[in-house]
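Undergrad: Attaching a single structure in structure tokens format; questions to follow.
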Amino acid sequence: MRKKVVVVASVIVTTTVVAAAVLLRQWTRKKQRQWRETQKILRKFARDCATPVPKLWQVSNALVSDMKACLASSGTITTLNMLVSYVAPLPTGDEEGFYYGVNLRGTNFLILCARLGGKNNPISNLNREEIPIPSNLMAATAKELFDFIAVELGKFVSEHPNTSAKEMSKLGCIVSCPVEQSVVSDGTAIKWKSFSADSKVGKRLVSDFNKALEEHGVKLRVYAMVDDTVGNLAGGRYYNRESVAAVTLAMGTDAAYVEPANAALQWHGPSPKLGDMVISTQWGDFSSPHLPITIFDTCLDAESPNPGCRRFEKLISGMYLGEIVRRVLLKMAQETALFGDTVPSKLMTRYQLSSPDMAAMHQDTSEDHEIVGEKLKNVFGITSTSPRAREVVSEVCDIVAERGARLAGAGILGIIKKLGRIENKKSVVTVEGGIYEHYRVFRNYLNSSVWEMLGNDLSDNVVIEHSHGGSGTGALFLAASQMEMQNDDPDPEHDPDTDPRNDDDDDDEPDIDDPHPGNDDHDRGYDVRDPNPNT
């Protein structure tokens, strides 16, 4: 009897072991199949995002074609809406004096002041203060907004006075939205990001701002109001006369460059004294069949508040990089159980992954990608991940960042090619924004794309520099250069509404609504700090 029991027990144990082995083998095969599917998705995404040098030149050439067509106003349909920003002459680097500046952003504004000392001491005594715009002013009139800014400016000037009694204080103003100018002292805001300021085409923003300053006893005068990328270009020109373009790579993106006035046939105003004018390209709107757009980009665009618009921006700017990564990870989670059998709920939330968090994961050099694991837990609530799943996350981040950076590099060379400066002239391009400043890998990819496209013989002809002086300082440099121009103007107080030079048809007013609300394109509060700055 005992032998029968032992035999039965042995059979049961054997059967259990065999069953367990079968289940383990099935589980292993399932995991292997899921892993192969994960790798398949990853490889296809990498192929679709690929940016070999020939494709980058296709993108550059397409941008050049659109730029030429837009400037010519020939009726040719283009994806660009480039704006003439009449701020010539740009700084020479010789300007000296004490200046104030304002950088008007979507939800806040920056006030700053500094002394410019020319070539020997470019900028000193720099002070800045960031002021949040109260929620009740987000939909205020222009007068209410400028009244608030004027009051805060008065406080700032009291704390940081101009100690030179011989100098008249000057104020430059840059805004983080497109500005078209028929006359430099008559800023025209086409779009306000994140808030309405009761403005439309033809609104005399500079005049309104000066009235508010006068009413509140602030002894400053605004001489220029341009978008912030143009301000960055002014700063670049102050430090280097070979600076011909500026690029913003932050939550949004734009590029501005110096164009000979005779090339801009759409310009109907007086010719600039030096024969040059600054063009804001609005290159976020650029689109081309040559752009490496994936199914994830197409879905992102379709679900955005502005489908079909800002295609270039949706590939390279900080607003969208993290979202593209999230969409790829979601597909992997749904189809290959990358993070387990249950799809994390937060992974299905749009824009849950910010670009700073993406950068932190991408630049994680710790063993087994520990920072990636922490970010997945903090951002998506994914508490347990395998080392190879974390490796996949890092690879997705790399693919998205590399594509965006290399496309930005192609855009930069498109501008330089439009100017005819690639082969025989040195060109300096100033880049500002959190993506470029703090995202080390993105920055390296951008620089390397320019070198690859130019080759050894021409790579020294284009120099990419980070902006000088930090956020908002372009307003100071503009105040200095525009003051010189105003001093030369025989009638600086002319009324643009009665100026015959401005008799263009104003009936076709551009849309002043924000095409993507909540996207404060150039907010310098954006930060993608490198968790391993020394690597």
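We label chains A, B, ... in the order they appear in the structure tokens, count residues from 1 in each chain, and number ligands from 1 in the order shown.
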For A:Val428, find every residue with an atom within 7 Å (counting only C-alpha atoms), except residues of its own chain fewer than 4 positions away, and show them as a PDB file with C-alpha atoms, in the first residue's frame.
TA:
```
ATOM      1  CA  GLU A 242      29.316  87.855 -38.692  1.00  0.00           C
ATOM      2  CA  SER A 243      26.147  86.793 -36.873  1.00  0.00           C
ATOM      3  CA  VAL A 244      23.518  86.480 -39.608  1.00  0.00           C
ATOM      4  CA  VAL A 462      29.092  77.938 -40.184  1.00  0.00           C
ATOM      5  CA  VAL A 463      29.509  78.471 -36.451  1.00  0.00           C
ATOM      6  CA  ILE A 464      26.705  77.663 -33.996  1.00  0.00           C
TER       7      ILE A 464
END
```
Undergrad: Counting only C-alpha atoms, what are the residues of stretch 50-103 of chain A within 12 Å of stretch 297-317 of chain A, and for each of them which pair of atoms is the nearest and at what distance in Å, to one decimal? Sort the table by chain and rising number, as CSV.
TA:
```
residue,atom,partner,partner_atom,distance
A:Val59,CA,A:Phe312,CA,10.5
A:Leu63,CA,A:Phe312,CA,10.6
A:Thr79,CA,A:Cys309,CA,8.8
A:Leu80,CA,A:Arg310,CA,9.7
A:Asn81,CA,A:Arg310,CA,11.2
```
Undergrad: DSSP says helix (DSSP H, G or I) for which residues of stretch 211-334 of chain A? Put them as number ranges by chain?
TA: A: 211-215, 228-239, 261-263, 283-285, 295-302, 313-316, 318-334
Undergrad: Between atom CA of A:Leu153 and atom CA of A:Pro132, measure the distance and give it in Å to one decimal.
TA: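 We find that atom CA of A:Leu153 and atom CA of A:Pro132 lie 13.0 Å from each other.
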Undergrad: Please determine, counting only C-alpha atoms, which residue among A:Asp228, A:Glu423, A:Asp94, A:Glu335 has the shortest atom-to-atom distance to A:Trp35.
TA: A:Glu335
Undergrad: Would you give me, as a list in words, the residues in stretch 43-106 of chain A that DSSP reads as strand (DSSP E or B)?
TA: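 Reading the DSSP output for stretch 43-106 of chain A, strand (DSSP E or B) covers Leu83, Val84, Ser85, Glu96, Gly97, Phe98, Tyr99, Tyr100, Gly101, Val102, Asn103 and Leu104 of chain A.
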Undergrad: Using N, CA, C and O atoms, can you export the residues from the last selection as an mmCIF file, in the first residue's frame?
TA:
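The new file selection_27.cif reads:
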```
data_model
loop_
_atom_site.group_PDB
_atom_site.id
_atom_site.type_symbol
_atom_site.label_atom_id
_atom_site.label_comp_id
_atom_site.auth_asym_id
_atom_site.auth_seq_id
_atom_site.Cartn_x
_atom_site.Cartn_y
_atom_site.Cartn_z
ATOM 1 N N LEU A 83 7.886 87.187 -41.864
ATOM 2 C CA LEU A 83 7.536 88.552 -41.490
ATOM 3 C C LEU A 83 8.756 89.455 -41.557
ATOM 4 O O LEU A 83 9.823 89.118 -41.048
ATOM 5 N N VAL A 84 8.588 90.594 -42.177
ATOM 6 C CA VAL A 84 9.653 91.597 -42.173
ATOM 7 C C VAL A 84 9.634 92.303 -40.836
ATOM 8 O O VAL A 84 8.617 92.834 -40.408
ATOM 9 N N SER A 85 10.773 92.281 -40.145
ATOM 10 C CA SER A 85 10.870 92.953 -38.853
ATOM 11 C C SER A 85 11.892 94.067 -39.010
ATOM 12 O O SER A 85 13.100 93.840 -38.974
ATOM 13 N N GLU A 96 27.111 101.891 -26.222
ATOM 14 C CA GLU A 96 27.395 102.019 -24.795
ATOM 15 C C GLU A 96 26.226 102.721 -24.118
ATOM 16 O O GLU A 96 25.488 103.479 -24.736
ATOM 17 N N GLY A 97 26.071 102.466 -22.847
ATOM 18 C CA GLY A 97 25.033 103.148 -22.091
ATOM 19 C C GLY A 97 24.259 102.192 -21.210
ATOM 20 O O GLY A 97 24.518 100.986 -21.170
ATOM 21 N N PHE A 98 23.283 102.732 -20.493
ATOM 22 C CA PHE A 98 22.461 101.963 -19.563
ATOM 23 C C PHE A 98 21.085 101.789 -20.176
ATOM 24 O O PHE A 98 20.440 102.764 -20.581
ATOM 25 N N TYR A 99 20.624 100.553 -20.251
ATOM 26 C CA TYR A 99 19.374 100.264 -20.954
ATOM 27 C C TYR A 99 18.483 99.345 -20.124
ATOM 28 O O TYR A 99 18.958 98.532 -19.327
ATOM 29 N N TYR A 100 17.191 99.482 -20.369
ATOM 30 C CA TYR A 100 16.192 98.612 -19.761
ATOM 31 C C TYR A 100 15.525 97.789 -20.852
ATOM 32 O O TYR A 100 15.444 98.216 -22.011
ATOM 33 N N GLY A 101 15.030 96.621 -20.475
ATOM 34 C CA GLY A 101 14.352 95.773 -21.446
ATOM 35 C C GLY A 101 13.182 95.028 -20.813
ATOM 36 O O GLY A 101 13.147 94.812 -19.600
ATOM 37 N N VAL A 102 12.237 94.643 -21.659
ATOM 38 C CA VAL A 102 11.092 93.836 -21.241
ATOM 39 C C VAL A 102 10.946 92.684 -22.229
ATOM 40 O O VAL A 102 10.974 92.895 -23.449
ATOM 41 N N ASN A 103 10.810 91.479 -21.704
ATOM 42 C CA ASN A 103 10.524 90.316 -22.539
ATOM 43 C C ASN A 103 9.126 89.830 -22.171
ATOM 44 O O ASN A 103 8.920 89.240 -21.119
ATOM 45 N N LEU A 104 8.171 90.099 -23.031
ATOM 46 C CA LEU A 104 6.773 89.753 -22.785
ATOM 47 C C LEU A 104 6.525 88.335 -23.262
ATOM 48 O O LEU A 104 6.660 88.022 -24.446
#
```
Undergrad: Tell me, in Å to one decimal, how far atom CA of A:Lys346 is from atom CA of A:Glu323.
TA: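 Between atom CA of A:Lys346 and atom CA of A:Glu323 the gap is 12.5 Å.
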Undergrad: Which residue gives the smallest distance to A:His468 among A:Leu249, A:Val222, A:Val151, A:Val431, with only C-alpha atoms counted?
TA: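 Between A:Leu249, A:Val222, A:Val151, A:Val431, the residue approaching A:His468 most closely is A:Val431.
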Undergrad: Excluding stretch 112-116 of chain A and its own-chain neighbours fewer than 4 positions away, which residues fall within 9 Å of it when counting only C-alpha atoms? Please give them as an mmCIF file with N, CA, C and O atoms, in the first residue's frame.
TA:
```cif
data_model
loop_
_atom_site.group_PDB
_atom_site.id
_atom_site.type_symbol
_atom_site.label_atom_id
_atom_site.label_comp_id
_atom_site.auth_asym_id
_atom_site.auth_seq_id
_atom_site.Cartn_x
_atom_site.Cartn_y
_atom_site.Cartn_z
ATOM 1 N N GLY A 93 28.106 96.500 -31.777
ATOM 2 C CA GLY A 93 29.052 96.143 -30.727
ATOM 3 C C GLY A 93 29.724 97.361 -30.122
ATOM 4 O O GLY A 93 30.455 97.250 -29.128
ATOM 5 N N ASP A 94 29.478 98.524 -30.726
ATOM 6 C CA ASP A 94 30.070 99.766 -30.205
ATOM 7 C C ASP A 94 29.140 100.496 -29.245
ATOM 8 O O ASP A 94 29.550 101.474 -28.605
ATOM 9 N N GLU A 95 27.898 100.064 -29.162
ATOM 10 C CA GLU A 95 26.914 100.777 -28.338
ATOM 11 C C GLU A 95 27.304 100.761 -26.863
ATOM 12 O O GLU A 95 27.760 99.738 -26.336
ATOM 13 N N GLU A 96 27.111 101.891 -26.222
ATOM 14 C CA GLU A 96 27.395 102.019 -24.795
ATOM 15 C C GLU A 96 26.226 102.721 -24.118
ATOM 16 O O GLU A 96 25.488 103.479 -24.736
ATOM 17 N N GLY A 97 26.071 102.466 -22.847
ATOM 18 C CA GLY A 97 25.033 103.148 -22.091
ATOM 19 C C GLY A 97 24.259 102.192 -21.210
ATOM 20 O O GLY A 97 24.518 100.986 -21.170
ATOM 21 N N PHE A 98 23.283 102.732 -20.493
ATOM 22 C CA PHE A 98 22.461 101.963 -19.563
ATOM 23 C C PHE A 98 21.085 101.789 -20.176
ATOM 24 O O PHE A 98 20.440 102.764 -20.581
ATOM 25 N N TYR A 99 20.624 100.553 -20.251
ATOM 26 C CA TYR A 99 19.374 100.264 -20.954
ATOM 27 C C TYR A 99 18.483 99.345 -20.124
ATOM 28 O O TYR A 99 18.958 98.532 -19.327
ATOM 29 N N TYR A 100 17.191 99.482 -20.369
ATOM 30 C CA TYR A 100 16.192 98.612 -19.761
ATOM 31 C C TYR A 100 15.525 97.789 -20.852
ATOM 32 O O TYR A 100 15.444 98.216 -22.011
ATOM 33 N N GLY A 101 15.030 96.621 -20.475
ATOM 34 C CA GLY A 101 14.352 95.773 -21.446
ATOM 35 C C GLY A 101 13.182 95.028 -20.813
ATOM 36 O O GLY A 101 13.147 94.812 -19.600
ATOM 37 N N VAL A 102 12.237 94.643 -21.659
ATOM 38 C CA VAL A 102 11.092 93.836 -21.241
ATOM 39 C C VAL A 102 10.946 92.684 -22.229
ATOM 40 O O VAL A 102 10.974 92.895 -23.449
ATOM 41 N N ASN A 103 10.810 91.479 -21.704
ATOM 42 C CA ASN A 103 10.524 90.316 -22.539
ATOM 43 C C ASN A 103 9.126 89.830 -22.171
ATOM 44 O O ASN A 103 8.920 89.240 -21.119
ATOM 45 N N ASN A 121 33.903 95.819 -22.775
ATOM 46 C CA ASN A 121 33.090 95.365 -21.651
ATOM 47 C C ASN A 121 31.636 95.283 -22.112
ATOM 48 O O ASN A 121 30.826 96.158 -21.794
ATOM 49 N N PRO A 122 31.310 94.243 -22.906
ATOM 50 C CA PRO A 122 30.014 94.210 -23.590
ATOM 51 C C PRO A 122 28.801 94.422 -22.696
ATOM 52 O O PRO A 122 27.938 95.223 -23.010
ATOM 53 N N ILE A 123 28.722 93.716 -21.557
ATOM 54 C CA ILE A 123 27.540 93.841 -20.709
ATOM 55 C C ILE A 123 27.928 93.645 -19.251
ATOM 56 O O ILE A 123 28.691 92.745 -18.907
ATOM 57 N N SER A 124 27.435 94.528 -18.411
ATOM 58 C CA SER A 124 27.738 94.450 -16.980
ATOM 59 C C SER A 124 26.546 94.972 -16.195
ATOM 60 O O SER A 124 25.610 95.537 -16.755
ATOM 61 N N ASN A 125 26.592 94.758 -14.889
ATOM 62 C CA ASN A 125 25.516 95.218 -13.997
ATOM 63 C C ASN A 125 24.147 94.723 -14.473
ATOM 64 O O ASN A 125 23.159 95.466 -14.473
ATOM 65 N N LEU A 126 24.098 93.448 -14.866
ATOM 66 C CA LEU A 126 22.849 92.885 -15.372
ATOM 67 C C LEU A 126 21.950 92.474 -14.220
ATOM 68 O O LEU A 126 22.344 91.725 -13.335
ATOM 69 N N ASN A 127 20.727 92.977 -14.232
ATOM 70 C CA ASN A 127 19.706 92.609 -13.249
ATOM 71 C C ASN A 127 18.439 92.212 -13.996
ATOM 72 O O ASN A 127 18.096 92.819 -15.017
ATOM 73 N N ARG A 128 17.763 91.186 -13.478
ATOM 74 C CA ARG A 128 16.522 90.766 -14.123
ATOM 75 C C ARG A 128 15.528 90.291 -13.083
ATOM 76 O O ARG A 128 15.901 89.802 -12.021
ATOM 77 N N GLU A 129 14.259 90.439 -13.417
ATOM 78 C CA GLU A 129 13.182 90.002 -12.520
ATOM 79 C C GLU A 129 12.029 89.470 -13.354
ATOM 80 O O GLU A 129 11.601 90.105 -14.321
ATOM 81 N N GLU A 130 11.529 88.297 -12.991
ATOM 82 C CA GLU A 130 10.408 87.689 -13.700
ATOM 83 C C GLU A 130 9.113 87.988 -12.951
ATOM 84 O O GLU A 130 9.011 87.740 -11.757
ATOM 85 N N PHE A 156 10.754 98.407 -10.633
ATOM 86 C CA PHE A 156 12.069 97.877 -11.000
ATOM 87 C C PHE A 156 13.076 99.006 -11.200
ATOM 88 O O PHE A 156 14.224 98.921 -10.757
ATOM 89 N N VAL A 157 12.649 100.077 -11.863
ATOM 90 C CA VAL A 157 13.543 101.214 -12.107
ATOM 91 C C VAL A 157 13.951 101.866 -10.791
ATOM 92 O O VAL A 157 15.096 102.301 -10.620
ATOM 93 N N HIS A 160 16.602 99.676 -9.423
ATOM 94 C CA HIS A 160 17.813 99.618 -10.259
ATOM 95 C C HIS A 160 17.865 100.874 -11.128
ATOM 96 O O HIS A 160 17.674 100.819 -12.346
ATOM 97 N N LEU A 171 14.272 101.879 -23.362
ATOM 98 C CA LEU A 171 13.640 100.595 -23.095
ATOM 99 C C LEU A 171 13.417 99.852 -24.403
ATOM 100 O O LEU A 171 12.860 100.391 -25.352
ATOM 101 N N GLY A 472 16.152 87.311 -22.643
ATOM 102 C CA GLY A 472 15.649 88.679 -22.643
ATOM 103 C C GLY A 472 16.652 89.752 -22.952
ATOM 104 O O GLY A 472 16.272 90.906 -23.169
ATOM 105 N N THR A 473 17.950 89.428 -22.980
ATOM 106 C CA THR A 473 18.950 90.483 -23.173
ATOM 107 C C THR A 473 18.875 91.090 -24.566
ATOM 108 O O THR A 473 19.382 92.193 -24.787
ATOM 109 N N ALA A 475 16.452 92.463 -25.806
ATOM 110 C CA ALA A 475 15.736 93.733 -25.660
ATOM 111 C C ALA A 475 16.691 94.879 -25.366
ATOM 112 O O ALA A 475 16.499 96.008 -25.831
ATOM 113 N N LEU A 476 17.744 94.601 -24.593
ATOM 114 C CA LEU A 476 18.725 95.634 -24.269
ATOM 115 C C LEU A 476 19.502 96.059 -25.513
ATOM 116 O O LEU A 476 19.704 97.249 -25.761
ATOM 117 N N PHE A 477 19.944 95.069 -26.280
ATOM 118 C CA PHE A 477 20.717 95.386 -27.482
ATOM 119 C C PHE A 477 19.862 96.116 -28.512
ATOM 120 O O PHE A 477 20.343 97.022 -29.206
ATOM 121 N N ALA A 480 19.496 99.765 -27.562
ATOM 122 C CA ALA A 480 20.693 100.537 -27.892
ATOM 123 C C ALA A 480 20.736 100.881 -29.375
ATOM 124 O O ALA A 480 20.940 102.048 -29.759
#
```
Undergrad: Identify, on the basis of only C-alpha atoms, every residue whose closest approach to A:Leu56 does not exceed 9 Å; exclude the query and any residue fewer than 4 positions from it along the same chain; express the result as a ChimeraX atom specification.
TA: /A:51-52,60-61,290-291,406-407,409-411,449,453
Undergrad: Save out the residues we just selected, N, CA, C and O atoms, as a PDB file, in the first residue's frame.
TA:
```pdb
ATOM      1  N   THR A  51      17.385  60.359 -40.757  1.00  0.00           N
ATOM      2  CA  THR A  51      17.733  61.639 -41.390  1.00  0.00           C
ATOM      3  C   THR A  51      19.136  61.574 -41.978  1.00  0.00           C
ATOM      4  O   THR A  51      20.045  62.283 -41.528  1.00  0.00           O
ATOM      5  N   PRO A  52      19.360  60.736 -42.986  1.00  0.00           N
ATOM      6  CA  PRO A  52      20.668  60.725 -43.643  1.00  0.00           C
ATOM      7  C   PRO A  52      20.931  62.071 -44.303  1.00  0.00           C
ATOM      8  O   PRO A  52      19.996  62.849 -44.563  1.00  0.00           O
ATOM      9  N   SER A  60      16.569  71.086 -46.445  1.00  0.00           N
ATOM     10  CA  SER A  60      17.162  72.425 -46.566  1.00  0.00           C
ATOM     11  C   SER A  60      16.744  73.103 -47.861  1.00  0.00           C
ATOM     12  O   SER A  60      16.344  74.275 -47.876  1.00  0.00           O
ATOM     13  N   ASN A  61      16.822  72.369 -48.960  1.00  0.00           N
ATOM     14  CA  ASN A  61      16.479  72.956 -50.257  1.00  0.00           C
ATOM     15  C   ASN A  61      14.999  73.309 -50.334  1.00  0.00           C
ATOM     16  O   ASN A  61      14.621  74.324 -50.938  1.00  0.00           O
ATOM     17  N   HIS A 290       9.484  65.977 -47.786  1.00  0.00           N
ATOM     18  CA  HIS A 290      10.770  65.394 -47.419  1.00  0.00           C
ATOM     19  C   HIS A 290      10.944  65.235 -45.909  1.00  0.00           C
ATOM     20  O   HIS A 290      11.896  64.584 -45.471  1.00  0.00           O
ATOM     21  N   LEU A 291      10.076  65.816 -45.120  1.00  0.00           N
ATOM     22  CA  LEU A 291      10.182  65.664 -43.673  1.00  0.00           C
ATOM     23  C   LEU A 291       9.871  64.221 -43.279  1.00  0.00           C
ATOM     24  O   LEU A 291       8.898  63.633 -43.771  1.00  0.00           O
ATOM     25  N   ARG A 406      18.648  67.078 -35.879  1.00  0.00           N
ATOM     26  CA  ARG A 406      19.210  67.098 -37.231  1.00  0.00           C
ATOM     27  C   ARG A 406      18.328  67.900 -38.192  1.00  0.00           C
ATOM     28  O   ARG A 406      18.839  68.574 -39.101  1.00  0.00           O
ATOM     29  N   LEU A 407      17.022  67.864 -37.993  1.00  0.00           N
ATOM     30  CA  LEU A 407      16.142  68.692 -38.817  1.00  0.00           C
ATOM     31  C   LEU A 407      16.369  70.174 -38.523  1.00  0.00           C
ATOM     32  O   LEU A 407      16.333  71.009 -39.441  1.00  0.00           O
ATOM     33  N   GLY A 409      19.193  71.438 -37.586  1.00  0.00           N
ATOM     34  CA  GLY A 409      20.442  71.740 -38.270  1.00  0.00           C
ATOM     35  C   GLY A 409      20.236  71.956 -39.759  1.00  0.00           C
ATOM     36  O   GLY A 409      20.819  72.868 -40.370  1.00  0.00           O
ATOM     37  N   ALA A 410      19.377  71.128 -40.371  1.00  0.00           N
ATOM     38  CA  ALA A 410      19.070  71.298 -41.792  1.00  0.00           C
ATOM     39  C   ALA A 410      18.395  72.641 -42.046  1.00  0.00           C
ATOM     40  O   ALA A 410      18.658  73.311 -43.055  1.00  0.00           O
ATOM     41  N   GLY A 411      17.522  73.048 -41.126  1.00  0.00           N
ATOM     42  CA  GLY A 411      16.866  74.342 -41.258  1.00  0.00           C
ATOM     43  C   GLY A 411      17.859  75.487 -41.200  1.00  0.00           C
ATOM     44  O   GLY A 411      17.774  76.460 -41.970  1.00  0.00           O
ATOM     45  N   SER A 449      25.062  67.356 -37.175  1.00  0.00           N
ATOM     46  CA  SER A 449      24.348  67.342 -38.453  1.00  0.00           C
ATOM     47  C   SER A 449      24.869  68.436 -39.377  1.00  0.00           C
ATOM     48  O   SER A 449      25.005  68.225 -40.597  1.00  0.00           O
ATOM     49  N   MET A 453      26.676  67.673 -42.989  1.00  0.00           N
ATOM     50  CA  MET A 453      26.132  68.225 -44.225  1.00  0.00           C
ATOM     51  C   MET A 453      27.163  69.059 -44.976  1.00  0.00           C
ATOM     52  O   MET A 453      27.201  69.048 -46.209  1.00  0.00           O
TER      53      MET A 453
END
```
Undergrad: So that I can see what lies close to A:Arg350, please list as JSON, numbers by chain the residues with an atom at most 8 Å from it, counting only C-alpha atoms and leaving out residues fewer than 3 positions away in the same chain.
TA: {"A": [323, 326, 347, 353]}
Undergrad: Which neighbours of stretch 413-421 of chain A fall inside 9 Å, counting only C-alpha atoms, when residues of the same chain fewer than 5 positions from it are skipped, and could you give them as a list in words?
TA: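 Listed by chain and then number, they are Trp57, Val59, Ser60, Asn61, Ala62, Leu63, Val64, Ser65, Met67, Lys68, Val244, Ala245, Ala255, Ala256, Tyr257, Val258, Glu259, Pro260, Ala408, Lys426, Ser427, Val450, Met453, Leu454, Asn461 and Val462 of chain A.
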Undergrad: Calculate how many Å separate atom CA of A:Lys44 from atom CA of A:Pro356, rounding to one decimal.
TA: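 Calculated distance between atom CA of A:Lys44 and atom CA of A:Pro356 is 25.3 Å.
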Undergrad: May I have the residues within 10 Å of A:Ala150 as a ChimeraX atom specification, using only C-alpha atoms and disregarding those fewer than 2 positions away in the same chain?
TA: /A:144-148,152-156,209-218,220
Undergrad: Which of these residues is nearest to A:Gly455, using only C-alpha atoms: A:Tyr439, A:Met358, A:Phe109, A:Ile422?
TA: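 The shortest atom-to-atom distance to A:Gly455 comes from A:Ile422.
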Undergrad: With only C-alpha atoms as the atoms that count, which of A:Gln363, A:Ser135, A:Thr163, A:Thr107 lies nearest to A:His438?
TA: A:Gln363
